[in-house]
>>> print(open('structure32.cif').read())   # mmCIF, C-alpha atoms
data_coords
#
loop_
_atom_site.group_PDB
_atom_site.id
_atom_site.type_symbol
_atom_site.label_atom_id
_atom_site.label_comp_id
_atom_site.auth_asym_id
_atom_site.auth_seq_id
_atom_site.Cartn_x
_atom_site.Cartn_y
_atom_site.Cartn_z
ATOM 1 C CA MET V 295 -13.703 103.287 217.795
ATOM 2 C CA LEU V 296 -13.259 102.779 221.531
ATOM 3 C CA ARG V 297 -11.921 105.690 223.506
ATOM 4 C CA PRO V 298 -10.270 105.414 226.910
ATOM 5 C CA VAL V 299 -12.479 106.613 229.749
ATOM 6 C CA ASP V 300 -11.122 108.212 232.894
ATOM 7 C CA ILE V 301 -12.615 106.293 235.833
ATOM 8 C CA ARG V 302 -11.857 107.455 239.366
ATOM 9 C CA GLY V 303 -12.401 106.291 242.925
ATOM 10 C CA SER V 304 -15.399 104.116 243.737
ATOM 11 C CA ASP V 305 -16.488 103.973 240.060
ATOM 12 C CA LYS V 306 -13.203 102.230 239.255
ATOM 13 C CA ILE V 307 -13.911 99.573 241.887
ATOM 14 C CA LEU V 308 -17.412 98.959 240.482
ATOM 15 C CA VAL V 309 -16.054 98.554 236.937
ATOM 16 C CA ILE V 310 -13.364 96.117 238.097
ATOM 17 C CA ARG V 311 -15.969 94.140 240.117
ATOM 18 C CA ASP V 312 -18.286 93.920 237.090
ATOM 19 C CA CYS V 313 -15.402 92.780 234.853
ATOM 20 C CA LEU V 314 -14.471 90.083 237.368
ATOM 21 C CA LYS V 315 -18.086 88.867 237.460
ATOM 22 C CA CYS V 316 -18.122 88.578 233.665
ATOM 23 C CA CYS V 317 -14.804 86.712 233.659
ATOM 24 C CA ILE V 318 -16.089 84.257 236.271
ATOM 25 C CA VAL V 319 -19.252 83.613 234.263
ATOM 26 C CA VAL V 320 -17.278 83.076 231.043
ATOM 27 C CA LEU V 321 -14.822 80.732 232.799
ATOM 28 C CA PHE V 322 -17.690 78.793 234.371
ATOM 29 C CA ILE V 323 -19.359 78.337 230.977
ATOM 30 C CA PHE V 324 -16.041 77.355 229.394
ATOM 31 C CA PHE V 325 -15.091 74.799 232.026
ATOM 32 C CA SER V 326 -18.559 73.336 232.296
ATOM 33 C CA GLY V 327 -18.362 72.500 228.592
ATOM 34 C CA CYS V 328 -15.025 70.703 228.991
ATOM 35 C CA ASP V 329 -16.592 67.558 230.401
ATOM 36 C CA THR V 330 -17.854 65.023 227.880
ATOM 37 C CA MET V 331 -21.584 64.599 227.392
ATOM 38 C CA GLU V 332 -21.302 60.862 227.956
ATOM 39 C CA SER V 333 -20.389 61.386 231.590
ATOM 40 C CA LYS V 334 -23.429 63.628 232.165
ATOM 41 C CA VAL V 335 -26.059 61.528 230.443
ATOM 42 C CA THR V 336 -27.145 58.487 232.395
ATOM 43 C CA PRO V 337 -29.658 55.844 231.462
ATOM 44 C CA LYS V 338 -33.122 56.112 232.965
ATOM 45 C CA LYS V 339 -33.089 55.354 236.629
ATOM 46 C CA SER V 340 -35.981 53.226 237.814
ATOM 47 C CA PHE V 341 -36.518 55.555 240.780
ATOM 48 C CA GLU V 342 -36.907 58.605 238.533
ATOM 49 C CA SER V 343 -38.735 57.040 235.619
ATOM 50 C CA SER V 344 -41.303 54.914 237.369
ATOM 51 C CA ILE V 345 -43.405 54.804 240.459
ATOM 52 C CA LYS V 346 -41.969 52.826 243.343
ATOM 53 C CA THR V 347 -43.509 49.403 243.859
ATOM 54 C CA GLU V 348 -44.549 50.205 247.431
ATOM 55 C CA CYS V 349 -46.462 53.268 246.152
ATOM 56 C CA ILE V 350 -48.252 51.124 243.571
ATOM 57 C CA ARG V 351 -49.177 48.607 246.256
ATOM 58 C CA THR V 352 -50.532 51.404 248.438
ATOM 59 C CA ILE V 353 -52.642 52.759 245.567
ATOM 60 C CA ASN V 354 -53.866 49.283 244.681
ATOM 61 C CA SER V 355 -54.835 48.519 248.284
ATOM 62 C CA HIS V 356 -57.203 51.502 248.586
ATOM 63 C CA ARG V 357 -60.428 52.414 246.844
ATOM 64 C CA ILE V 358 -59.868 55.789 245.228
ATOM 65 C CA LEU V 359 -62.409 57.849 243.276
ATOM 66 C CA PHE V 360 -61.032 60.440 240.871
ATOM 67 C CA ALA V 361 -63.719 62.613 239.261
ATOM 68 C CA HIS V 362 -62.650 64.734 236.317
ATOM 69 C CA MET V 363 -63.452 65.769 232.795
ATOM 70 C CA SER V 364 -60.562 66.361 230.409
ATOM 71 C CA VAL V 365 -57.426 67.312 232.376
ATOM 72 C CA GLY V 366 -57.846 64.209 234.511
ATOM 73 C CA ASP V 367 -57.147 62.039 231.478
ATOM 74 C CA ASP V 368 -53.714 63.676 231.227
ATOM 75 C CA ILE V 369 -53.032 62.896 234.884
ATOM 76 C CA LEU V 370 -54.068 59.264 234.456
ATOM 77 C CA ASN V 371 -52.046 58.925 231.231
ATOM 78 C CA GLY V 372 -49.043 60.320 233.113
ATOM 79 C CA LEU V 373 -49.516 57.696 235.833
ATOM 80 C CA VAL V 374 -49.695 54.930 233.247
ATOM 81 C CA LEU V 375 -46.597 56.252 231.457
ATOM 82 C CA ALA V 376 -44.613 56.653 234.681
ATOM 83 C CA ASN V 377 -45.612 53.125 235.637
ATOM 84 C CA SER V 378 -44.958 51.548 232.222
ATOM 85 C CA GLU V 379 -41.726 49.848 233.271
ATOM 86 C CA SER V 380 -43.103 48.442 236.506
ATOM 87 C CA LYS V 381 -43.915 44.778 236.921
ATOM 88 C CA GLU V 382 -46.944 45.677 239.016
ATOM 89 C CA PRO V 383 -49.489 47.849 237.189
ATOM 90 C CA ILE V 384 -51.615 50.504 238.849
ATOM 91 C CA ALA V 385 -55.231 49.355 238.934
ATOM 92 C CA ILE V 386 -57.250 51.970 237.028
ATOM 93 C CA HIS V 387 -60.972 51.426 236.476
ATOM 94 C CA HIS V 388 -63.121 53.657 234.283
ATOM 95 C CA ILE V 389 -66.710 54.033 235.469
ATOM 96 C CA GLU V 390 -69.088 54.903 232.635
ATOM 97 C CA ALA V 391 -72.244 54.632 234.734
ATOM 98 C CA VAL V 392 -73.199 54.089 238.360
ATOM 99 C CA SER V 393 -74.269 50.569 237.435
ATOM 100 C CA GLN V 394 -70.634 49.776 236.564
ATOM 101 C CA LEU V 395 -69.404 50.623 240.036
ATOM 102 C CA ASP V 396 -67.753 47.558 241.548
ATOM 103 C CA THR V 397 -67.485 48.202 245.269
ATOM 104 C CA GLN V 398 -64.698 45.635 245.579
ATOM 105 C CA ASN V 399 -62.373 47.315 243.037
ATOM 106 C CA ALA V 400 -59.276 48.649 244.747
ATOM 107 C CA GLY V 401 -57.097 51.140 242.917
ATOM 108 C CA ILE V 402 -58.164 54.261 241.073
ATOM 109 C CA SER V 403 -61.723 54.381 239.798
ATOM 110 C CA HIS V 404 -62.348 57.411 237.650
ATOM 111 C CA ILE V 405 -65.464 59.000 236.262
ATOM 112 C CA LYS V 406 -66.101 61.818 233.825
ATOM 113 C CA ILE V 407 -68.217 64.310 235.682
ATOM 114 C CA GLY V 408 -70.177 67.390 234.610
ATOM 115 C CA ALA V 409 -69.162 69.573 231.701
ATOM 116 C CA ASN V 410 -66.182 71.835 231.156
ATOM 117 C CA THR V 411 -66.872 75.527 231.879
ATOM 118 C CA GLN V 412 -69.537 74.419 234.414
ATOM 119 C CA PRO V 413 -67.763 73.976 237.785
ATOM 120 C CA PHE V 414 -70.982 74.142 239.828
ATOM 121 C CA GLN V 415 -72.476 71.379 237.692
ATOM 122 C CA LYS V 416 -69.355 69.256 238.292
ATOM 123 C CA LEU V 417 -69.727 69.687 242.043
ATOM 124 C CA SER V 418 -73.436 68.872 241.870
ATOM 125 C CA ASN V 419 -72.825 65.740 239.788
ATOM 126 C CA PHE V 420 -69.999 64.649 242.100
ATOM 127 C CA ARG V 421 -72.218 65.100 245.158
ATOM 128 C CA GLN V 422 -75.049 63.206 243.470
ATOM 129 C CA PHE V 423 -72.727 60.336 242.514
ATOM 130 C CA LEU V 424 -71.296 59.969 246.024
ATOM 131 C CA LEU V 425 -74.567 60.315 247.908
ATOM 132 C CA SER V 426 -76.831 58.246 245.636
ATOM 133 C CA ASN V 427 -77.025 54.498 246.229
ATOM 134 C CA ASN V 428 -74.580 54.917 249.115
ATOM 135 C CA ASN V 429 -71.701 55.084 246.594
ATOM 136 C CA GLY V 430 -69.518 57.052 248.984
ATOM 137 C CA GLN V 431 -69.291 53.972 251.184
ATOM 138 C CA SER V 432 -67.299 52.313 248.383
ATOM 139 C CA PHE V 433 -64.278 54.642 248.549
ATOM 140 C CA ASP V 434 -61.445 55.455 250.947
ATOM 141 C CA TYR V 435 -60.227 58.535 249.059
ATOM 142 C CA VAL V 436 -62.116 60.862 246.731
ATOM 143 C CA GLY V 437 -61.182 63.913 244.722
ATOM 144 C CA ILE V 438 -62.539 66.098 241.956
ATOM 145 C CA LYS V 439 -60.352 67.838 239.401
ATOM 146 C CA PHE V 440 -61.507 71.038 237.745
ATOM 147 C CA CYS V 441 -60.336 72.017 234.282
ATOM 148 C CA TYR V 442 -58.577 75.274 233.495
ATOM 149 C CA VAL V 443 -61.650 76.410 231.533
ATOM 150 C CA ASP V 444 -63.858 76.002 234.611
ATOM 151 C CA ILE V 445 -62.468 79.103 236.282
ATOM 152 C CA THR V 446 -62.585 82.411 234.425
ATOM 153 C CA ASN V 447 -62.644 86.070 235.373
ATOM 154 C CA LYS V 448 -66.448 85.765 235.489
ATOM 155 C CA THR V 449 -66.497 82.835 237.953
ATOM 156 C CA ASP V 450 -67.807 83.667 241.405
ATOM 157 C CA ILE V 451 -64.837 82.184 243.242
ATOM 158 C CA HIS V 452 -66.336 82.682 246.710
ATOM 159 C CA ALA V 453 -69.581 80.939 245.771
ATOM 160 C CA LEU V 454 -67.629 78.080 244.140
ATOM 161 C CA LEU V 455 -65.389 77.674 247.189
ATOM 162 C CA ASN V 456 -68.423 77.730 249.488
ATOM 163 C CA GLU V 457 -70.117 75.055 247.372
ATOM 164 C CA TYR V 458 -66.951 72.937 247.363
ATOM 165 C CA ASN V 459 -66.557 73.259 251.151
ATOM 166 C CA ALA V 460 -70.226 72.335 251.661
ATOM 167 C CA LEU V 461 -69.740 69.257 249.475
ATOM 168 C CA VAL V 462 -66.685 68.162 251.473
ATOM 169 C CA LYS V 463 -68.490 68.658 254.791
ATOM 170 C CA ASP V 464 -71.631 66.817 253.616
ATOM 171 C CA VAL V 465 -69.709 63.839 252.298
ATOM 172 C CA ILE V 466 -67.429 63.558 255.326
ATOM 173 C CA MET V 467 -70.402 63.849 257.677
ATOM 174 C CA ARG V 468 -72.152 61.019 255.860
ATOM 175 C CA TYR V 469 -68.997 58.934 255.271
ATOM 176 C CA PRO V 470 -66.484 59.794 258.033
ATOM 177 C CA HIS V 471 -63.967 57.245 256.709
ATOM 178 C CA ILE V 472 -63.507 59.152 253.419
ATOM 179 C CA LYS V 473 -60.473 61.355 252.955
ATOM 180 C CA PHE V 474 -60.665 64.101 250.342
ATOM 181 C CA VAL V 475 -57.768 64.657 247.982
ATOM 182 C CA HIS V 476 -57.821 68.332 247.025
ATOM 183 C CA PHE V 477 -56.561 69.218 243.555
ATOM 184 C CA THR V 478 -55.538 72.602 242.234
ATOM 185 C CA VAL V 479 -56.997 74.048 239.073
ATOM 186 C CA PRO V 480 -54.491 73.958 236.188
ATOM 187 C CA LEU V 481 -53.077 77.384 235.443
#
>>> encode(input="structure32.cif", output="structure tokens")
Amino acid sequence: MLRPVDIRGSDKILVIRDCLKCCIVVLFIFFSGCDTMESKVTPKKSFESSIKTECIRTINSHRILFAHMSVGDDILNGLVLANSESKEPIAIHHIEAVSQLDTQNAGISHIKIGANTQPFQKLSNFRQFLLSNNNGQSFDYVGIKFCYVDITNKTDIHALLNEYNALVKDVIMRYPHIKFVHFTVPL
């Protein structure tokens, strides 16, 4: 059973303020539910559900190298899905081996590189791919994507960052036209 409580002075003001806050929240929830769902749900908008045509043309007019292992597939699948309604597809080329590299292919060329849990090996393989046979000359933009399993509490982050920075410097010194796209590690 509720019993009346004697509230005095500034405590009374705090209780009234808190009650008003609760009333406002309840009224907001009530009135926000008064509108019909049909007016809030809109069909897919082409701007939100697909990539703009001018962005696709920009991608398709550059030679982009995307090196990854597993998470990169999710990124590429997301691009394909976001672009599924477009009349102009994004050019995506999978490179299985260096011999498959077509230096004339514009768009996104992607390669599986290294092994998960081995970030230093991924960097080494990426460096080897770009520097061997002058492959770096074939690209305008390059980037490597690490997997979430590549970085653990046992990873020497400073050594990995130093190796990554050395790779970027080496490649840019050899191929000054290349721009690196830096990716974050998935959390």
>>> residues_around(input="structure32.cif", residues="V:Val479", least_positions_apart="2", cutoff="12 Å", atoms="only C-alpha atoms", output="PyMOL selection string")
chain V and resi 362+365-366+413+438-446+476-477+481
>>> resolve_selection(input="structure32.cif", expression="the PyMOL selection byres ((chain V and resi 424) around 10)", output="PyMOL selection string")
chain V and resi 359+392+419-423+425-433+436+465+468-469
>>> closest_residue(input="structure32.cif", among="V:Thr347, V:His356, V:Met363, V:Ala385", to="V:Gln415", atoms="all atoms listed in the file")
V:Met363
>>> atom_distance(input="structure32.cif", atom1="atom CA of V:Ser355", atom2="atom CA of V:Leu417")
26.6 Å
>>> atom_distance(input="structure32.cif", atom1="atom CA of V:Gly408", atom2="atom CA of V:His388")
15.4 Å
>>> residues_around(input="structure32.cif", residues="V:Gly401", least_positions_apart="4", cutoff="6 Å", atoms="only C-alpha atoms", output="list in words")
Ile353, Asn354, His356, Arg357, Ile358, Ala385 and Ile386 of chain V
>>> residues_around(input="structure32.cif", residues="V:Leu370", least_positions_apart="5", cutoff="10 Å", atoms="only C-alpha atoms", output="list in words")
Phe360, Val365, Leu375, Ala376, Ile386, Ile402 and His404 of chain V
>>> atom_distance(input="structure32.cif", atom1="atom CA of V:Lys406", atom2="atom CA of V:Ala361")
6.0 Å
>>> closest_residue(input="structure32.cif", among="V:Asp434, V:Asp450, V:Asp368, V:Asp396", to="V:Pro470", atoms="only C-alpha atoms")
V:Asp434
>>> closest_residue(input="structure32.cif", among="V:Val462, V:Cys349, V:Ala391, V:Leu455", to="V:Ile407", atoms="only C-alpha atoms")
V:Ala391
>>> closest_residue(input="structure32.cif", among="V:Thr397, V:Lys346, V:Phe474, V:Ile405", to="V:Glu379", atoms="only C-alpha atoms")
V:Lys346
>>> residues_around(input="structure32.cif", residues="V:Phe414", least_positions_apart="3", cutoff="8 Å", atoms="only C-alpha atoms", output="PDB file with C-alpha atoms, in the coordinates of the input")
ATOM      1  CA  LEU V 417     -69.727  69.687 242.043  1.00  0.00           C
ATOM      2  CA  SER V 418     -73.436  68.872 241.870  1.00  0.00           C
ATOM      3  CA  LEU V 454     -67.629  78.080 244.140  1.00  0.00           C
ATOM      4  CA  GLU V 457     -70.117  75.055 247.372  1.00  0.00           C
TER       5      GLU V 457
END
>>> closest_residue(input="structure32.cif", among="V:Ile389, V:Asp367, V:Ser380, V:Tyr435", to="V:Val475", atoms="only C-alpha atoms")
V:Tyr435
>>> decode(input="structure32.cif", residues="stretch 382-397 of chain V", atoms="all heavy atoms", output="PDB file, in the first residue's frame")
ATOM      1  N   GLU V 382      24.567   0.474 -64.499  1.00  0.00           N
ATOM      2  CA  GLU V 382      25.993   0.410 -64.795  1.00  0.00           C
ATOM      3  C   GLU V 382      26.695  -0.359 -63.666  1.00  0.00           C
ATOM      4  O   GLU V 382      26.802   0.139 -62.555  1.00  0.00           O
ATOM      5  CB  GLU V 382      26.563   1.820 -64.911  1.00  0.00           C
ATOM      6  CG  GLU V 382      27.974   1.839 -65.405  1.00  0.00           C
ATOM      7  CD  GLU V 382      28.410   3.243 -65.806  1.00  0.00           C
ATOM      8  OE1 GLU V 382      27.556   4.112 -66.023  1.00  0.00           O
ATOM      9  OE2 GLU V 382      29.622   3.453 -65.894  1.00  0.00           O
ATOM     10  N   PRO V 383      27.171  -1.559 -63.937  1.00  0.00           N
ATOM     11  CA  PRO V 383      27.790  -2.345 -62.868  1.00  0.00           C
ATOM     12  C   PRO V 383      29.198  -1.859 -62.518  1.00  0.00           C
ATOM     13  O   PRO V 383      29.884  -1.263 -63.349  1.00  0.00           O
ATOM     14  CB  PRO V 383      27.856  -3.754 -63.460  1.00  0.00           C
ATOM     15  CG  PRO V 383      27.914  -3.538 -64.928  1.00  0.00           C
ATOM     16  CD  PRO V 383      27.125  -2.275 -65.193  1.00  0.00           C
ATOM     17  N   ILE V 384      29.584  -2.112 -61.275  1.00  0.00           N
ATOM     18  CA  ILE V 384      30.961  -1.833 -60.866  1.00  0.00           C
ATOM     19  C   ILE V 384      31.830  -2.949 -61.429  1.00  0.00           C
ATOM     20  O   ILE V 384      31.514  -4.129 -61.298  1.00  0.00           O
ATOM     21  CB  ILE V 384      31.091  -1.799 -59.336  1.00  0.00           C
ATOM     22  CG1 ILE V 384      30.290  -0.630 -58.756  1.00  0.00           C
ATOM     23  CG2 ILE V 384      32.552  -1.705 -58.907  1.00  0.00           C
ATOM     24  CD1 ILE V 384      30.269  -0.582 -57.252  1.00  0.00           C
ATOM     25  N   ALA V 385      32.930  -2.562 -62.066  1.00  0.00           N
ATOM     26  CA  ALA V 385      33.853  -3.552 -62.621  1.00  0.00           C
ATOM     27  C   ALA V 385      34.689  -4.138 -61.483  1.00  0.00           C
ATOM     28  O   ALA V 385      35.465  -3.418 -60.848  1.00  0.00           O
ATOM     29  CB  ALA V 385      34.747  -2.906 -63.668  1.00  0.00           C
ATOM     30  N   ILE V 386      34.499  -5.418 -61.206  1.00  0.00           N
ATOM     31  CA  ILE V 386      35.258  -6.106 -60.160  1.00  0.00           C
ATOM     32  C   ILE V 386      35.947  -7.298 -60.804  1.00  0.00           C
ATOM     33  O   ILE V 386      35.305  -8.138 -61.431  1.00  0.00           O
ATOM     34  CB  ILE V 386      34.356  -6.559 -58.996  1.00  0.00           C
ATOM     35  CG1 ILE V 386      33.703  -5.338 -58.339  1.00  0.00           C
ATOM     36  CG2 ILE V 386      35.149  -7.359 -57.977  1.00  0.00           C
ATOM     37  CD1 ILE V 386      32.740  -5.658 -57.219  1.00  0.00           C
ATOM     38  N   HIS V 387      37.268  -7.355 -60.649  1.00  0.00           N
ATOM     39  CA  HIS V 387      38.074  -8.412 -61.258  1.00  0.00           C
ATOM     40  C   HIS V 387      38.823  -9.169 -60.168  1.00  0.00           C
ATOM     41  O   HIS V 387      39.551  -8.563 -59.389  1.00  0.00           O
ATOM     42  CB  HIS V 387      39.096  -7.819 -62.240  1.00  0.00           C
ATOM     43  CG  HIS V 387      38.548  -6.726 -63.090  1.00  0.00           C
ATOM     44  ND1 HIS V 387      37.753  -6.966 -64.182  1.00  0.00           N
ATOM     45  CD2 HIS V 387      38.656  -5.375 -62.994  1.00  0.00           C
ATOM     46  CE1 HIS V 387      37.409  -5.813 -64.732  1.00  0.00           C
ATOM     47  NE2 HIS V 387      37.944  -4.837 -64.026  1.00  0.00           N
ATOM     48  N   HIS V 388      38.645 -10.474 -60.133  1.00  0.00           N
ATOM     49  CA  HIS V 388      39.373 -11.293 -59.155  1.00  0.00           C
ATOM     50  C   HIS V 388      40.679 -11.763 -59.788  1.00  0.00           C
ATOM     51  O   HIS V 388      40.687 -12.296 -60.892  1.00  0.00           O
ATOM     52  CB  HIS V 388      38.537 -12.491 -58.713  1.00  0.00           C
ATOM     53  CG  HIS V 388      39.243 -13.357 -57.719  1.00  0.00           C
ATOM     54  ND1 HIS V 388      39.475 -12.934 -56.434  1.00  0.00           N
ATOM     55  CD2 HIS V 388      39.791 -14.585 -57.827  1.00  0.00           C
ATOM     56  CE1 HIS V 388      40.133 -13.885 -55.787  1.00  0.00           C
ATOM     57  NE2 HIS V 388      40.341 -14.886 -56.616  1.00  0.00           N
ATOM     58  N   ILE V 389      41.778 -11.545 -59.083  1.00  0.00           N
ATOM     59  CA  ILE V 389      43.085 -11.983 -59.566  1.00  0.00           C
ATOM     60  C   ILE V 389      43.497 -13.205 -58.756  1.00  0.00           C
ATOM     61  O   ILE V 389      43.717 -13.114 -57.553  1.00  0.00           O
ATOM     62  CB  ILE V 389      44.146 -10.869 -59.401  1.00  0.00           C
ATOM     63  CG1 ILE V 389      43.722  -9.604 -60.131  1.00  0.00           C
ATOM     64  CG2 ILE V 389      45.507 -11.348 -59.878  1.00  0.00           C
ATOM     65  CD1 ILE V 389      44.595  -8.401 -59.807  1.00  0.00           C
ATOM     66  N   GLU V 390      43.552 -14.347 -59.413  1.00  0.00           N
ATOM     67  CA  GLU V 390      43.988 -15.583 -58.745  1.00  0.00           C
ATOM     68  C   GLU V 390      45.507 -15.666 -58.693  1.00  0.00           C
ATOM     69  O   GLU V 390      46.073 -16.162 -57.732  1.00  0.00           O
ATOM     70  CB  GLU V 390      43.449 -16.810 -59.489  1.00  0.00           C
ATOM     71  CG  GLU V 390      41.956 -16.989 -59.400  1.00  0.00           C
ATOM     72  CD  GLU V 390      41.519 -17.653 -58.104  1.00  0.00           C
ATOM     73  OE1 GLU V 390      42.360 -18.262 -57.417  1.00  0.00           O
ATOM     74  OE2 GLU V 390      40.331 -17.531 -57.789  1.00  0.00           O
ATOM     75  N   ALA V 391      46.160 -15.200 -59.743  1.00  0.00           N
ATOM     76  CA  ALA V 391      47.616 -15.289 -59.835  1.00  0.00           C
ATOM     77  C   ALA V 391      48.130 -14.066 -60.583  1.00  0.00           C
ATOM     78  O   ALA V 391      47.394 -13.419 -61.325  1.00  0.00           O
ATOM     79  CB  ALA V 391      48.019 -16.560 -60.583  1.00  0.00           C
ATOM     80  N   VAL V 392      49.397 -13.757 -60.363  1.00  0.00           N
ATOM     81  CA  VAL V 392      50.012 -12.602 -61.016  1.00  0.00           C
ATOM     82  C   VAL V 392      49.846 -12.682 -62.531  1.00  0.00           C
ATOM     83  O   VAL V 392      49.641 -11.677 -63.205  1.00  0.00           O
ATOM     84  CB  VAL V 392      51.505 -12.505 -60.632  1.00  0.00           C
ATOM     85  CG1 VAL V 392      52.178 -11.385 -61.390  1.00  0.00           C
ATOM     86  CG2 VAL V 392      51.637 -12.286 -59.134  1.00  0.00           C
ATOM     87  N   SER V 393      49.867 -13.885 -63.061  1.00  0.00           N
ATOM     88  CA  SER V 393      49.738 -14.053 -64.512  1.00  0.00           C
ATOM     89  C   SER V 393      48.371 -13.599 -65.026  1.00  0.00           C
ATOM     90  O   SER V 393      48.210 -13.335 -66.203  1.00  0.00           O
ATOM     91  CB  SER V 393      49.993 -15.508 -64.898  1.00  0.00           C
ATOM     92  OG  SER V 393      49.053 -16.345 -64.270  1.00  0.00           O
ATOM     93  N   GLN V 394      47.382 -13.514 -64.139  1.00  0.00           N
ATOM     94  CA  GLN V 394      46.044 -13.078 -64.543  1.00  0.00           C
ATOM     95  C   GLN V 394      45.885 -11.562 -64.542  1.00  0.00           C
ATOM     96  O   GLN V 394      44.851 -11.049 -64.930  1.00  0.00           O
ATOM     97  CB  GLN V 394      44.988 -13.650 -63.606  1.00  0.00           C
ATOM     98  CG  GLN V 394      44.762 -15.125 -63.741  1.00  0.00           C
ATOM     99  CD  GLN V 394      43.647 -15.554 -62.816  1.00  0.00           C
ATOM    100  OE1 GLN V 394      43.546 -15.097 -61.695  1.00  0.00           O
ATOM    101  NE2 GLN V 394      42.804 -16.447 -63.313  1.00  0.00           N
ATOM    102  N   LEU V 395      46.883 -10.859 -64.070  1.00  0.00           N
ATOM    103  CA  LEU V 395      46.793  -9.419 -63.972  1.00  0.00           C
ATOM    104  C   LEU V 395      46.714  -8.792 -65.358  1.00  0.00           C
ATOM    105  O   LEU V 395      47.610  -8.930 -66.166  1.00  0.00           O
ATOM    106  CB  LEU V 395      48.008  -8.867 -63.214  1.00  0.00           C
ATOM    107  CG  LEU V 395      48.047  -7.357 -63.015  1.00  0.00           C
ATOM    108  CD1 LEU V 395      46.843  -6.894 -62.200  1.00  0.00           C
ATOM    109  CD2 LEU V 395      49.334  -6.965 -62.329  1.00  0.00           C
ATOM    110  N   ASP V 396      45.604  -8.127 -65.630  1.00  0.00           N
ATOM    111  CA  ASP V 396      45.424  -7.404 -66.882  1.00  0.00           C
ATOM    112  C   ASP V 396      45.635  -5.927 -66.576  1.00  0.00           C
ATOM    113  O   ASP V 396      44.829  -5.308 -65.889  1.00  0.00           O
ATOM    114  CB  ASP V 396      44.022  -7.643 -67.441  1.00  0.00           C
ATOM    115  CG  ASP V 396      43.800  -6.969 -68.777  1.00  0.00           C
ATOM    116  OD1 ASP V 396      44.636  -6.132 -69.178  1.00  0.00           O
ATOM    117  OD2 ASP V 396      42.781  -7.265 -69.421  1.00  0.00           O
ATOM    118  N   THR V 397      46.712  -5.377 -67.040  1.00  0.00           N
ATOM    119  CA  THR V 397      47.071  -4.000 -66.708  1.00  0.00           C
ATOM    120  C   THR V 397      46.101  -2.978 -67.282  1.00  0.00           C
ATOM    121  O   THR V 397      46.140  -1.821 -66.902  1.00  0.00           O
ATOM    122  CB  THR V 397      48.502  -3.678 -67.191  1.00  0.00           C
ATOM    123  OG1 THR V 397      48.570  -3.889 -68.603  1.00  0.00           O
ATOM    124  CG2 THR V 397      49.525  -4.543 -66.487  1.00  0.00           C
TER     125      THR V 397
END
